[in-house]
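Dropping target-v1.tsv in here (TSV, C-alpha atoms):
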chain	number	residue	atom	x	y	z
S	1	MET	CA	190.89	130.19	53.26
S	2	HIS	CA	188.05	128.20	54.73
S	3	GLU	CA	189.35	128.77	58.27
S	4	MET	CA	187.95	132.28	57.82
S	5	ALA	CA	184.43	131.05	56.97
S	6	ILE	CA	184.58	128.59	59.85
S	7	ALA	CA	185.81	131.25	62.30
S	8	ARG	CA	182.92	133.49	61.27
S	9	ASN	CA	180.44	130.67	61.93
S	10	ILE	CA	181.94	129.99	65.35
S	11	VAL	CA	181.66	133.66	66.33
S	12	ASN	CA	178.05	133.83	65.07
S	13	ILE	CA	177.03	130.69	66.96
S	14	ALA	CA	178.74	131.82	70.20
S	15	VAL	CA	177.30	135.33	70.05
S	16	ALA	CA	173.77	134.05	69.35
S	17	ALA	CA	173.97	131.61	72.28
S	18	ALA	CA	175.35	134.30	74.63
S	19	GLU	CA	172.75	136.90	73.65
S	20	LYS	CA	169.95	134.40	74.17
S	21	GLU	CA	171.07	134.11	77.80
S	22	GLY	CA	171.51	137.88	78.15
S	23	ALA	CA	175.30	137.63	78.58
S	24	ARG	CA	177.41	140.74	77.97
S	25	LYS	CA	180.79	139.18	77.27
S	26	ILE	CA	182.12	135.84	76.02
S	27	THR	CA	185.39	134.80	77.65
S	28	ARG	CA	185.89	131.32	76.26
S	29	VAL	CA	184.55	129.22	73.39
S	30	ASN	CA	185.02	125.45	73.48
S	31	VAL	CA	185.00	123.77	70.08
S	32	VAL	CA	185.16	120.05	69.35
S	33	ALA	CA	186.71	119.18	66.00
S	34	GLY	CA	187.21	115.66	64.67
S	35	GLU	CA	190.67	114.91	63.34
S	36	LEU	CA	189.23	114.25	59.84
S	37	ARG	CA	188.23	117.91	59.62
S	38	GLY	CA	191.89	118.71	59.11
S	39	ILE	CA	191.66	121.94	61.06
S	40	VAL	CA	194.85	123.99	61.35
S	41	PRO	CA	194.51	125.19	64.97
S	42	ALA	CA	196.83	128.21	64.78
S	43	GLN	CA	195.10	129.50	61.67
S	44	LEU	CA	191.62	128.99	63.11
S	45	VAL	CA	192.54	130.73	66.38
S	46	PHE	CA	194.01	133.66	64.43
S	47	ASN	CA	190.93	134.02	62.22
S	48	PHE	CA	188.63	133.66	65.21
S	49	GLY	CA	190.39	136.62	66.86
S	50	LEU	CA	189.82	138.73	63.74
S	51	MET	CA	186.19	137.75	63.33
S	52	ALA	CA	185.41	138.32	67.02
S	53	GLU	CA	186.56	141.95	66.92
S	54	ASN	CA	183.75	144.41	67.66
S	55	THR	CA	181.48	141.64	68.96
S	56	ILE	CA	180.87	140.46	72.52
S	57	ALA	CA	183.29	137.60	71.74
S	58	SER	CA	186.16	140.04	71.28
S	59	GLY	CA	189.19	138.80	73.22
S	60	ALA	CA	187.57	135.42	73.99
S	61	TYR	CA	189.82	132.37	74.20
S	62	LEU	CA	189.11	129.76	71.53
S	63	ASN	CA	189.76	126.28	72.90
S	64	LEU	CA	189.98	123.50	70.33
S	65	GLU	CA	189.50	119.91	71.39
S	66	ILE	CA	190.63	117.67	68.55
S	67	THR	CA	188.95	114.25	68.80
S	68	PRO	CA	190.49	111.16	67.21
S	69	VAL	CA	189.02	109.18	64.36
S	70	VAL	CA	187.21	106.15	65.78
S	71	GLY	CA	186.21	103.23	63.58
S	72	ARG	CA	184.02	100.19	64.18
S	73	CYS	CA	184.63	96.92	62.40
S	74	ARG	CA	181.48	95.75	60.61
S	75	LYS	CA	182.67	92.14	60.89
S	76	CYS	CA	183.71	91.75	64.55
S	77	GLN	CA	182.26	95.00	66.01
S	78	GLU	CA	185.65	95.95	67.49
S	79	GLN	CA	185.87	99.69	68.09
S	80	PHE	CA	189.30	101.31	67.80
S	81	VAL	CA	191.15	104.56	67.16
S	82	VAL	CA	192.10	104.92	63.50
S	83	LYS	CA	195.69	106.12	63.36
S	84	ASP	CA	197.20	107.64	60.20
S	85	TYR	CA	193.92	107.00	58.38
S	86	ARG	CA	194.57	103.26	58.42
S	87	TYR	CA	191.09	101.78	58.15
S	88	LEU	CA	192.07	98.28	59.21
S	89	CYS	CA	190.51	96.41	62.15
S	90	THR	CA	193.09	96.03	64.91
S	91	LYS	CA	191.51	92.73	65.96
S	92	CYS	CA	190.44	90.79	62.84
S	93	ARG	CA	192.30	92.81	60.12
S	94	SER	CA	189.07	93.43	58.20
S	95	GLU	CA	188.90	96.56	56.04
S	96	ASP	CA	185.14	96.85	56.39
S	97	ILE	CA	185.17	99.74	58.84
S	98	GLU	CA	182.57	102.39	59.52
S	99	THR	CA	183.61	105.77	60.89
S	100	VAL	CA	182.03	106.28	64.32
S	101	SER	CA	183.57	109.67	64.99
S	102	GLY	CA	186.22	112.00	63.69
S	103	THR	CA	184.13	114.25	61.45
S	104	GLU	CA	182.22	116.08	64.22
S	105	PHE	CA	182.65	119.84	64.32
S	106	ARG	CA	180.66	121.89	66.80
S	107	VAL	CA	180.66	124.64	69.37
S	108	LYS	CA	180.32	122.60	72.58
S	109	ASP	CA	179.86	125.37	75.13
S	110	ILE	CA	180.86	128.93	75.92
S	111	GLU	CA	181.84	130.76	79.08
S	112	VAL	CA	180.29	134.17	79.55
S	113	GLU	CA	180.10	137.07	81.99
H	1	MET	CA	178.85	131.15	83.70
H	2	LYS	CA	178.94	128.28	81.25
H	3	ILE	CA	176.33	127.92	78.49
H	4	ASN	CA	175.85	124.63	76.68
H	5	VAL	CA	175.64	125.21	72.95
H	6	MET	CA	176.23	121.97	70.98
H	7	THR	CA	175.65	123.63	67.62
H	8	ASP	CA	177.21	122.22	64.48
H	9	ILE	CA	179.59	124.79	63.02
H	10	LEU	CA	178.56	124.05	59.46
H	11	GLU	CA	174.86	123.87	60.34
H	12	ALA	CA	173.93	127.04	58.43
H	13	ASN	CA	175.59	125.64	55.30
H	14	ASP	CA	174.05	122.19	55.76
H	15	ARG	CA	170.58	123.67	56.09
H	16	ILE	CA	170.90	125.44	52.74
H	17	ALA	CA	172.40	122.26	51.23
H	18	ALA	CA	169.29	120.36	52.34
H	19	VAL	CA	167.07	122.93	50.58
H	20	ASN	CA	169.19	122.62	47.40
H	21	SER	CA	168.86	118.87	47.61
H	22	ASP	CA	165.05	119.16	47.78
H	23	VAL	CA	165.06	121.36	44.68
H	24	PHE	CA	167.23	118.82	42.83
H	25	ASN	CA	164.99	115.93	43.82
H	26	LYS	CA	161.85	117.76	42.68
H	27	ASN	CA	163.47	118.35	39.31
H	28	ARG	CA	164.69	114.74	39.03
H	29	ASN	CA	168.35	115.69	39.00
H	30	LEU	CA	171.16	113.36	39.99
H	31	VAL	CA	173.80	115.69	41.40
H	32	PHE	CA	177.54	115.31	41.83
H	33	ASN	CA	180.09	117.54	43.51
H	34	LEU	CA	183.30	117.15	41.49
H	35	MET	CA	186.48	118.06	43.33
H	36	SER	CA	190.18	118.02	42.46
H	37	SER	CA	193.28	120.17	42.55
H	38	PRO	CA	193.64	122.84	39.83
H	39	GLY	CA	194.52	121.40	36.44
H	40	ALA	CA	193.52	117.78	37.17
H	41	GLY	CA	191.20	117.83	34.14
H	42	LYS	CA	187.71	118.47	35.49
H	43	THR	CA	186.52	120.67	32.63
H	44	THR	CA	187.91	118.34	29.96
H	45	LEU	CA	186.12	115.43	31.63
H	46	LEU	CA	182.87	117.40	31.57
H	47	GLU	CA	183.30	118.09	27.86
H	48	LYS	CA	183.81	114.35	27.26
H	49	THR	CA	180.90	113.45	29.49
H	50	GLY	CA	178.50	115.80	27.71
H	51	GLU	CA	179.42	114.22	24.37
H	52	ALA	CA	179.14	110.66	25.68
H	53	LEU	CA	175.73	111.21	27.27
H	54	LYS	CA	174.27	112.99	24.23
H	55	GLY	CA	170.84	111.66	23.28
H	56	LYS	CA	170.62	109.64	26.52
H	57	LEU	CA	170.85	111.69	29.69
H	58	ARG	CA	171.07	115.49	29.69
H	59	LEU	CA	174.10	116.91	31.48
H	60	GLY	CA	174.16	120.33	33.14
H	61	VAL	CA	177.08	122.01	34.87
H	62	ILE	CA	177.59	124.57	37.61
H	63	ALA	CA	181.24	125.59	37.32
H	64	GLY	CA	182.99	127.20	40.26
H	65	ASP	CA	186.12	129.25	39.75
H	66	ILE	CA	187.94	131.94	41.64
H	67	GLU	CA	188.07	134.21	38.58
H	68	THR	CA	187.08	134.17	34.87
H	69	SER	CA	184.31	132.36	33.05
H	70	ARG	CA	186.65	130.37	30.79
H	71	ASP	CA	185.37	127.00	31.95
H	72	ALA	CA	181.78	127.98	31.25
H	73	GLU	CA	182.74	129.27	27.79
H	74	ARG	CA	184.44	125.96	26.99
H	75	LEU	CA	181.38	123.99	28.07
H	76	GLU	CA	178.92	126.23	26.24
H	77	LYS	CA	180.66	125.31	22.99
H	78	HIS	CA	179.38	121.80	23.64
H	79	LYS	CA	175.85	123.20	24.02
H	80	LEU	CA	175.69	122.18	27.66
H	81	PRO	CA	173.54	124.21	30.04
H	82	VAL	CA	176.12	125.80	32.32
H	83	VAL	CA	176.27	128.47	35.01
H	84	GLN	CA	179.55	129.96	36.07
H	85	LEU	CA	180.06	130.88	39.72
H	86	THR	CA	183.06	133.08	40.38
H	87	THR	CA	183.90	132.94	44.05
H	88	GLY	CA	186.23	135.95	44.18
H	89	SER	CA	188.84	134.82	46.66
H	90	ALA	CA	186.92	131.95	48.21
H	91	CYS	CA	188.70	128.63	47.87
H	92	HIS	CA	185.57	126.47	47.77
H	93	LEU	CA	181.88	126.53	46.84
H	94	ASP	CA	179.35	126.56	49.63
H	95	ALA	CA	175.65	125.70	49.60
H	96	ASN	CA	174.60	129.34	49.45
H	97	MET	CA	176.66	130.04	46.32
H	98	VAL	CA	175.10	127.01	44.64
H	99	ALA	CA	171.61	128.17	45.68
H	100	SER	CA	172.35	131.52	44.01
H	101	ALA	CA	173.15	129.73	40.73
H	102	LEU	CA	169.92	127.71	40.59
H	103	PRO	CA	167.65	130.45	39.16
H	104	HIS	CA	170.05	130.70	36.20
H	105	ILE	CA	169.82	127.09	35.05
H	106	ASP	CA	166.74	125.19	33.89
H	107	LEU	CA	166.90	122.14	36.13
H	108	LYS	CA	163.86	120.58	34.46
H	109	LYS	CA	165.96	120.11	31.32
H	110	ILE	CA	168.79	118.38	33.19
H	111	ASP	CA	169.13	114.76	34.30
H	112	ILE	CA	172.67	114.80	35.64
H	113	LEU	CA	174.02	117.97	37.22
H	114	ILE	CA	177.72	118.15	37.94
H	115	ILE	CA	178.92	120.92	40.21
H	116	GLU	CA	182.55	121.57	39.36
H	117	ASN	CA	184.11	122.79	42.58
H	118	VAL	CA	187.02	125.22	42.86
H	119	GLY	CA	190.35	123.43	42.28
H	120	ASN	CA	191.57	122.69	45.80
H	121	LEU	CA	192.13	119.45	47.72
H	122	VAL	CA	191.30	120.76	51.18
H	123	CYS	CA	188.41	123.16	51.63
H	124	PRO	CA	185.71	121.89	49.22
H	125	ALA	CA	185.32	118.64	51.18
H	126	GLU	CA	184.05	120.57	54.20
H	127	PHE	CA	180.99	122.11	52.54
H	128	LYS	CA	177.95	120.13	51.44
H	129	LEU	CA	176.24	121.64	48.42
H	130	GLY	CA	173.14	119.47	48.21
H	131	GLU	CA	174.76	116.80	46.04
H	132	ASP	CA	173.95	113.10	46.00
H	133	TYR	CA	177.61	112.08	45.76
H	134	LYS	CA	181.05	113.61	45.90
H	135	ILE	CA	183.52	112.64	43.20
H	136	MET	CA	187.22	113.24	43.47
H	137	MET	CA	189.61	113.47	40.55
H	138	LEU	CA	193.34	112.95	40.90
H	139	SER	CA	195.71	113.19	37.95
H	140	VAL	CA	198.86	111.08	37.72
H	141	THR	CA	201.09	114.17	37.54
H	142	GLU	CA	200.10	115.06	41.10
H	143	GLY	CA	201.63	112.15	43.02
H	144	ASP	CA	200.34	108.90	44.48
H	145	GLU	CA	200.63	109.99	48.14
H	146	LYS	CA	197.87	112.60	47.85
H	147	PRO	CA	195.15	110.47	49.52
H	148	LEU	CA	197.25	110.34	52.68
H	149	LYS	CA	198.03	114.06	52.58
H	150	TYR	CA	194.45	115.18	52.01
H	151	PRO	CA	192.43	112.39	53.62
H	152	LEU	CA	189.10	114.13	54.22
H	153	MET	CA	188.37	114.62	50.54
H	154	PHE	CA	189.10	110.98	49.73
H	155	HIS	CA	187.17	109.87	52.78
H	156	GLU	CA	184.05	111.83	51.75
H	157	SER	CA	184.04	110.87	48.06
H	158	SER	CA	182.16	107.93	46.57
H	159	LEU	CA	184.28	107.72	43.45
H	160	LEU	CA	187.90	108.46	42.66
H	161	LEU	CA	188.76	109.13	39.03
H	162	ILE	CA	192.47	108.77	38.34
H	163	ASN	CA	193.00	110.94	35.27
H	164	LYS	CA	195.73	111.36	32.64
H	165	ILE	CA	196.76	107.70	32.78
H	166	ASP	CA	198.09	108.15	29.23
H	167	LEU	CA	200.94	110.06	30.92
H	168	LEU	CA	201.78	107.27	33.38
H	169	LYS	CA	204.96	106.30	31.58
H	170	TYR	CA	206.35	109.82	31.94
H	171	THR	CA	205.82	110.02	35.70
H	172	ASN	CA	206.87	108.10	38.79
H	173	PHE	CA	203.20	107.81	39.81
H	174	ASN	CA	202.53	104.32	41.13
H	175	LEU	CA	198.92	103.45	40.26
H	176	LYS	CA	198.78	100.49	42.63
H	177	GLU	CA	200.18	102.55	45.48
H	178	ALA	CA	197.76	105.42	44.81
H	179	LYS	CA	194.80	103.04	44.95
H	180	ALA	CA	196.07	101.36	48.13
H	181	ASN	CA	196.51	104.79	49.74
H	182	ALA	CA	193.03	105.89	48.70
H	183	ARG	CA	191.44	102.65	49.96
H	184	GLN	CA	193.36	102.94	53.23
H	185	VAL	CA	191.51	106.22	53.82
H	186	HIS	CA	188.24	104.95	52.34
H	187	PRO	CA	187.91	101.17	51.90
H	188	ASP	CA	184.57	101.34	49.98
H	189	LEU	CA	185.81	103.88	47.44
H	190	ASP	CA	185.05	103.15	43.77
H	191	ILE	CA	188.06	103.88	41.55
H	192	ILE	CA	188.15	104.30	37.76
H	193	ASP	CA	191.32	105.02	35.75
H	194	ILE	CA	190.68	107.36	32.85
H	195	SER	CA	192.34	109.33	30.12
H	196	CYS	CA	190.47	112.14	28.39
H	197	VAL	CA	193.07	111.93	25.58
H	198	THR	CA	192.85	108.24	24.69
H	199	ASP	CA	189.29	107.83	26.09
H	200	GLU	CA	190.44	104.87	28.17
H	201	GLY	CA	188.02	104.33	31.06
H	202	ILE	CA	185.48	106.88	29.79
H	203	ALA	CA	182.96	104.12	29.06
H	204	ASP	CA	183.37	102.84	32.63
H	205	TRP	CA	182.80	106.34	33.98
H	206	ILE	CA	179.63	106.72	31.90
H	207	SER	CA	178.37	103.36	33.08
H	208	TRP	CA	179.09	104.40	36.70
H	209	LEU	CA	176.94	107.50	36.10
H	210	ASN	CA	174.18	105.37	34.57
H	211	GLN	CA	174.24	102.93	37.50
H	212	HIS	CA	173.87	105.78	39.96
H	213	TYR	CA	171.07	107.33	37.93
H	214	GLN	CA	169.26	104.01	37.98
H	215	LYS	CA	169.92	103.66	41.71
H	216	LYS	CA	168.32	107.04	42.41
H	217	PHE	CA	165.40	106.96	39.99
H	218	GLY	CA	164.86	103.24	39.37
H	219	THR	CA	165.23	103.66	35.60
H	220	LYS	CA	168.10	103.96	33.17
H	221	THR	CA	166.38	106.54	31.03
H	222	ARG	CA	164.73	109.80	31.89
H	223	ALA	CA	160.99	109.97	32.44
Taking this structure as input, can you express it in the form of C-alpha cells?
Amino acid sequence: MHEMAIARNIVNIAVAAAEKEGARKITRVNVVAGELRGIVPAQLVFNFGLMAENTIASGAYLNLEITPVVGRCRKCQEQFVVKDYRYLCTKCRSEDIETVSGTEFRVKDIEVE
Amino acid sequence: MKINVMTDILEANDRIAAVNSDVFNKNRNLVFNLMSSPGAGKTTLLEKTGEALKGKLRLGVIAGDIETSRDAERLEKHKLPVVQLTTGSACHLDANMVASALPHIDLKKIDILIIENVGNLVCPAEFKLGEDYKIMMLSVTEGDEKPLKYPLMFHESSLLLINKIDLLKYTNFNLKEAKANARQVHPDLDIIDISCVTDEGIADWISWLNQHYQKKFGTKTRA
C-alpha cells in the first residue's frame, strides 16, 4: 500500500533533519496532510512505526494534522471550506473554484532529544 | 528541542518526476498518466488509440502492472513501442520506476507517450511521474458514485473517459449522475463517453489528444 512508501519518506525526512542538528533521538514528528490526500491515519501511523524501527525515530509519536480543503471562487473571490468535495461557492453559487489548500503533505517539524 | 522541517513528503518523487519531464520535453513527447481501477479497459483503449493514430502521431506505452507482461504482449501485436514495468507488490507507479523504463524505449520515435498506471483508484494519484496530464478512466460497470468515493484521482485528472457505454443498458449506472459527481469534485474536468466495442466516442478522444498535442507543440503534426 502507498501508506508504506509515504511512511518511509516521513522517516527519511525526519531522520535527515534530526541528524543535521546532531540530535540523538526523535520523539515526535508533526505532519500536515490535506484532506484531499485521503490519508488513512491509523494505517499511516502503523507503517510509520514499522519503518522507524532501528532508526533514531524508533518509538517516535507521529502526529497527523489533517487540514481541510479550502477553495476560492474565481468570480467573487470568496474563500470557503469545501465540504464533501462540493466545489460550489457558498456566496455566489459559482462552480468556478480554485483549490487553495487541501493537497499539501509535509513534515512540519520534529521534536528531538 | 523542536526542529522546523517543512519538507514535502513526496519531494523525492517529485524531483525525479521533474527530471523525467525534462527528458520528455527534449524528445518532444506529450505524456499522459492513465489511471483507472483494474479491468476498466485501459489496455483495450491503448490498442484502439494506436490504430487510430497510425500514420499521424506515433504512440508509445509504458505499461505498469503488479505481475505479468500480458499487457505489453497485447500492445506489441499492434507494433507499438512498449515497455512493461512490473511493480511486484507496489500498488502504483512512481517517478523512479518510470525513470528506470526510459532507457528501454526510444523516445525520439514517439510523439504521444501514455503511461498506463497500475489498476487502482487510490494510490496512483499521489505520485507524479513527469506527465503533462493525468487521465482517468471509469467504466460503467463500476458505479456512478466512484468520483465521490475516490475524489483525489478525479480532482487531479484533466480528462475523464467513461468507458463501456455500450453496456449502459445492462447496468444501473446513471451517466448524468456520474458526470455531476465528477464535476462536483473537479468542475473543469473534460469528460468523454466511449466504447471500445462500438467505437463510439473514440474520434472525440483522438481529437482531444490532437488538441493537447497542438497546445504543447503549437502544431498538429510532428516535426
Can I get the residues of chain S within 7 Å of chain H, each with the closest pair of atoms and their distance in Å to one decimal, using only C-alpha atoms, sorted chain first then ascending number, as a tab-separated table?
residue	atom	partner	partner_atom	distance
S:Met1	CA	H:Cys91	CA	6.0
S:His2	CA	H:Cys123	CA	5.9
S:Asn9	CA	H:Ile9	CA	6.0
S:Ile10	CA	H:Ile9	CA	6.2
S:Ala17	CA	H:Val5	CA	6.6
S:Leu36	CA	H:Leu152	CA	5.6
S:Arg37	CA	H:Leu152	CA	6.6
S:Tyr85	CA	H:Val185	CA	5.2
S:Arg86	CA	H:Gln184	CA	5.3
S:Tyr87	CA	H:Gln184	CA	5.5
S:Glu95	CA	H:Pro187	CA	6.3
S:Asp96	CA	H:Pro187	CA	6.8
S:Phe105	CA	H:Asp8	CA	5.9
S:Arg106	CA	H:Asp8	CA	4.2
S:Val107	CA	H:Thr7	CA	5.4
S:Lys108	CA	H:Met6	CA	4.4
S:Asp109	CA	H:Asn4	CA	4.4
S:Ile110	CA	H:Ile3	CA	5.3
S:Glu111	CA	H:Lys2	CA	4.4
S:Val112	CA	H:Met1	CA	5.3
S:Glu113	CA	H:Met1	CA	6.3
Mind writing the picked residues with C-alpha atoms as a PDB file, in the frame of the given file?
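Output file part.pdb is given in full below:
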ATOM      1  CA  MET S   1     190.890 130.190  53.260  1.00  0.00           C
ATOM      2  CA  HIS S   2     188.050 128.200  54.730  1.00  0.00           C
ATOM      3  CA  ASN S   9     180.440 130.670  61.930  1.00  0.00           C
ATOM      4  CA  ILE S  10     181.940 129.990  65.350  1.00  0.00           C
ATOM      5  CA  ALA S  17     173.970 131.610  72.280  1.00  0.00           C
ATOM      6  CA  LEU S  36     189.230 114.250  59.840  1.00  0.00           C
ATOM      7  CA  ARG S  37     188.230 117.910  59.620  1.00  0.00           C
ATOM      8  CA  TYR S  85     193.920 107.000  58.380  1.00  0.00           C
ATOM      9  CA  ARG S  86     194.570 103.260  58.420  1.00  0.00           C
ATOM     10  CA  TYR S  87     191.090 101.780  58.150  1.00  0.00           C
ATOM     11  CA  GLU S  95     188.900  96.560  56.040  1.00  0.00           C
ATOM     12  CA  ASP S  96     185.140  96.850  56.390  1.00  0.00           C
ATOM     13  CA  PHE S 105     182.650 119.840  64.320  1.00  0.00           C
ATOM     14  CA  ARG S 106     180.660 121.890  66.800  1.00  0.00           C
ATOM     15  CA  VAL S 107     180.660 124.640  69.370  1.00  0.00           C
ATOM     16  CA  LYS S 108     180.320 122.600  72.580  1.00  0.00           C
ATOM     17  CA  ASP S 109     179.860 125.370  75.130  1.00  0.00           C
ATOM     18  CA  ILE S 110     180.860 128.930  75.920  1.00  0.00           C
ATOM     19  CA  GLU S 111     181.840 130.760  79.080  1.00  0.00           C
ATOM     20  CA  VAL S 112     180.290 134.170  79.550  1.00  0.00           C
ATOM     21  CA  GLU S 113     180.100 137.070  81.990  1.00  0.00           C
TER      22      GLU S 113
END
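With atom CA of Leu175 of chain H on one side and atom CA of Asp204 of chain H on the other, the separation reads 17.3 Å.
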Within 8 Å of Glu177 of chain H, counting all atoms listed in the file, which residues show up once you throw out same-chain ones fewer than 3 positions away? Write them as a PyMOL selection string, please.
chain H and resi 144-145+174+180-181
Report the distance between atom CA of Ala14 of chain S and atom CA of Asn120 of chain H in Å, rounded to one decimal place.
29.0 Å
Pick out the residues sitting within 12 Å of Lys128 of chain H, and hand them over as JSON, numbers by chain; count all atoms listed in the file, and ignore anything fewer than 4 positions along from it in its own chain.
{"H": [10, 11, 12, 13, 14, 15, 16, 17, 18, 19, 20, 21, 31, 32, 33, 34, 35, 92, 93, 94, 95, 96, 97, 98, 99, 115, 117, 123, 124, 132, 133, 134, 153, 156, 157]}
Would you work out the distance separating atom CA of Asp65 of chain H from atom CA of Glu51 of chain H, expressed in Å to one decimal?
22.5 Å
Which is closer to Asn163 of chain H than all the others in H:Ser36, H:Gln211, H:Asn27, H:Thr68, using all atoms listed in the file?
H:Ser36
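Proximity ranking of H:Leu209, H:Ile202, H:Leu161, H:Leu59 relative to Lys108 of chain H places H:Leu59 first, based on only C-alpha atoms.
With only C-alpha atoms as the atoms that count, the residue of H:Ile66, H:Leu168, H:Ala52, H:Leu160 with the shortest distance to Pro38 of chain H is H:Ile66.
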Give me, as a PyMOL selection string, all polymer residues having an atom no more than 12 Å from Lys56 of chain H, counting only C-alpha atoms and skipping those fewer than 4 positions away in the same chain.
chain H and resi 49-52+110-112+206-207+209-210+213+220-223
Ile56 of chain S environment, 12 Å, all atoms listed in the file, sequence neighbours closer than 6 positions dropped, as a tab-separated table (two decimals) with C-alpha atoms, in the coordinates of the input:
chain	number	residue	atom	x	y	z
S	11	VAL	CA	181.66	133.66	66.33
S	12	ASN	CA	178.05	133.83	65.07
S	13	ILE	CA	177.03	130.69	66.96
S	14	ALA	CA	178.74	131.82	70.20
S	15	VAL	CA	177.30	135.33	70.05
S	16	ALA	CA	173.77	134.05	69.35
S	17	ALA	CA	173.97	131.61	72.28
S	18	ALA	CA	175.35	134.30	74.63
S	19	GLU	CA	172.75	136.90	73.65
S	22	GLY	CA	171.51	137.88	78.15
S	23	ALA	CA	175.30	137.63	78.58
S	24	ARG	CA	177.41	140.74	77.97
S	25	LYS	CA	180.79	139.18	77.27
S	26	ILE	CA	182.12	135.84	76.02
S	27	THR	CA	185.39	134.80	77.65
S	28	ARG	CA	185.89	131.32	76.26
S	29	VAL	CA	184.55	129.22	73.39
S	49	GLY	CA	190.39	136.62	66.86
S	111	GLU	CA	181.84	130.76	79.08
S	112	VAL	CA	180.29	134.17	79.55
S	113	GLU	CA	180.10	137.07	81.99
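Using all atoms listed in the file for every distance, the candidate list S:Leu88, S:Ala7, S:Val69, S:Leu64 yields S:Leu64 as the residue closest to Ala33 of chain S.
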Expected axis-aligned box over every listed atom of segment 126-135 of chain H, 5 Å added per side, centre plus edges in Å to one decimal, as lines of an AutoDock Vina configuration file:
center_x = 178.6
center_y = 117.1
center_z = 48.7
size_x = 20.9
size_y = 20.0
size_z = 21.0
Every residue with an atom at most 9 Å from (191.2, 94.3, 63.4) (file coordinates; only C-alpha atoms) is what I'm after, so could you write them as an mmCIF file with C-alpha atoms, in the frame of the given file?
data_model
loop_
_atom_site.group_PDB
_atom_site.id
_atom_site.type_symbol
_atom_site.label_atom_id
_atom_site.label_comp_id
_atom_site.auth_asym_id
_atom_site.auth_seq_id
_atom_site.Cartn_x
_atom_site.Cartn_y
_atom_site.Cartn_z
ATOM 1 C CA CYS S 73 184.630 96.920 62.400
ATOM 2 C CA CYS S 76 183.710 91.750 64.550
ATOM 3 C CA GLU S 78 185.650 95.950 67.490
ATOM 4 C CA GLN S 79 185.870 99.690 68.090
ATOM 5 C CA PHE S 80 189.300 101.310 67.800
ATOM 6 C CA LEU S 88 192.070 98.280 59.210
ATOM 7 C CA CYS S 89 190.510 96.410 62.150
ATOM 8 C CA THR S 90 193.090 96.030 64.910
ATOM 9 C CA LYS S 91 191.510 92.730 65.960
ATOM 10 C CA CYS S 92 190.440 90.790 62.840
ATOM 11 C CA ARG S 93 192.300 92.810 60.120
ATOM 12 C CA SER S 94 189.070 93.430 58.200
ATOM 13 C CA GLU S 95 188.900 96.560 56.040
#
Could you add N, CA and C atoms to segment 30-43 of chain S and give me the result as a PDB file, in the frame of the given file?
ATOM      1  N   ASN S  30     184.478 126.807  73.590  1.00  0.00           N
ATOM      2  CA  ASN S  30     185.020 125.450  73.480  1.00  0.00           C
ATOM      3  C   ASN S  30     184.463 124.756  72.237  1.00  0.00           C
ATOM      4  N   VAL S  31     185.382 124.398  71.347  1.00  0.00           N
ATOM      5  CA  VAL S  31     185.000 123.770  70.080  1.00  0.00           C
ATOM      6  C   VAL S  31     185.545 122.351  70.021  1.00  0.00           C
ATOM      7  N   VAL S  32     184.713 121.426  69.570  1.00  0.00           N
ATOM      8  CA  VAL S  32     185.160 120.050  69.350  1.00  0.00           C
ATOM      9  C   VAL S  32     185.300 119.834  67.850  1.00  0.00           C
ATOM     10  N   ALA S  33     186.477 119.410  67.427  1.00  0.00           N
ATOM     11  CA  ALA S  33     186.710 119.180  66.000  1.00  0.00           C
ATOM     12  C   ALA S  33     187.307 117.795  65.808  1.00  0.00           C
ATOM     13  N   GLY S  34     186.670 116.982  64.990  1.00  0.00           N
ATOM     14  CA  GLY S  34     187.210 115.660  64.670  1.00  0.00           C
ATOM     15  C   GLY S  34     188.485 115.817  63.844  1.00  0.00           C
ATOM     16  N   GLU S  35     189.371 114.859  64.025  1.00  0.00           N
ATOM     17  CA  GLU S  35     190.670 114.910  63.340  1.00  0.00           C
ATOM     18  C   GLU S  35     190.503 114.950  61.814  1.00  0.00           C
ATOM     19  N   LEU S  36     189.437 114.289  61.291  1.00  0.00           N
ATOM     20  CA  LEU S  36     189.230 114.250  59.840  1.00  0.00           C
ATOM     21  C   LEU S  36     188.932 115.627  59.256  1.00  0.00           C
ATOM     22  N   ARG S  37     188.529 116.557  60.103  1.00  0.00           N
ATOM     23  CA  ARG S  37     188.230 117.910  59.620  1.00  0.00           C
ATOM     24  C   ARG S  37     189.481 118.635  59.150  1.00  0.00           C
ATOM     25  N   GLY S  38     190.623 118.138  59.574  1.00  0.00           N
ATOM     26  CA  GLY S  38     191.890 118.710  59.110  1.00  0.00           C
ATOM     27  C   GLY S  38     192.050 120.176  59.467  1.00  0.00           C
ATOM     28  N   ILE S  39     191.566 120.546  60.639  1.00  0.00           N
ATOM     29  CA  ILE S  39     191.660 121.940  61.060  1.00  0.00           C
ATOM     30  C   ILE S  39     193.113 122.296  61.394  1.00  0.00           C
ATOM     31  N   VAL S  40     193.522 123.475  60.972  1.00  0.00           N
ATOM     32  CA  VAL S  40     194.850 123.990  61.350  1.00  0.00           C
ATOM     33  C   VAL S  40     194.613 124.916  62.551  1.00  0.00           C
ATOM     34  N   PRO S  41     194.899 124.432  63.780  1.00  0.00           N
ATOM     35  CA  PRO S  41     194.510 125.190  64.970  1.00  0.00           C
ATOM     36  C   PRO S  41     195.010 126.641  64.983  1.00  0.00           C
ATOM     37  N   ALA S  42     196.277 126.856  64.688  1.00  0.00           N
ATOM     38  CA  ALA S  42     196.830 128.210  64.780  1.00  0.00           C
ATOM     39  C   ALA S  42     196.081 129.161  63.843  1.00  0.00           C
ATOM     40  N   GLN S  43     195.780 128.667  62.666  1.00  0.00           N
ATOM     41  CA  GLN S  43     195.100 129.500  61.670  1.00  0.00           C
ATOM     42  C   GLN S  43     193.660 129.802  62.095  1.00  0.00           C
TER      43      GLN S  43
END
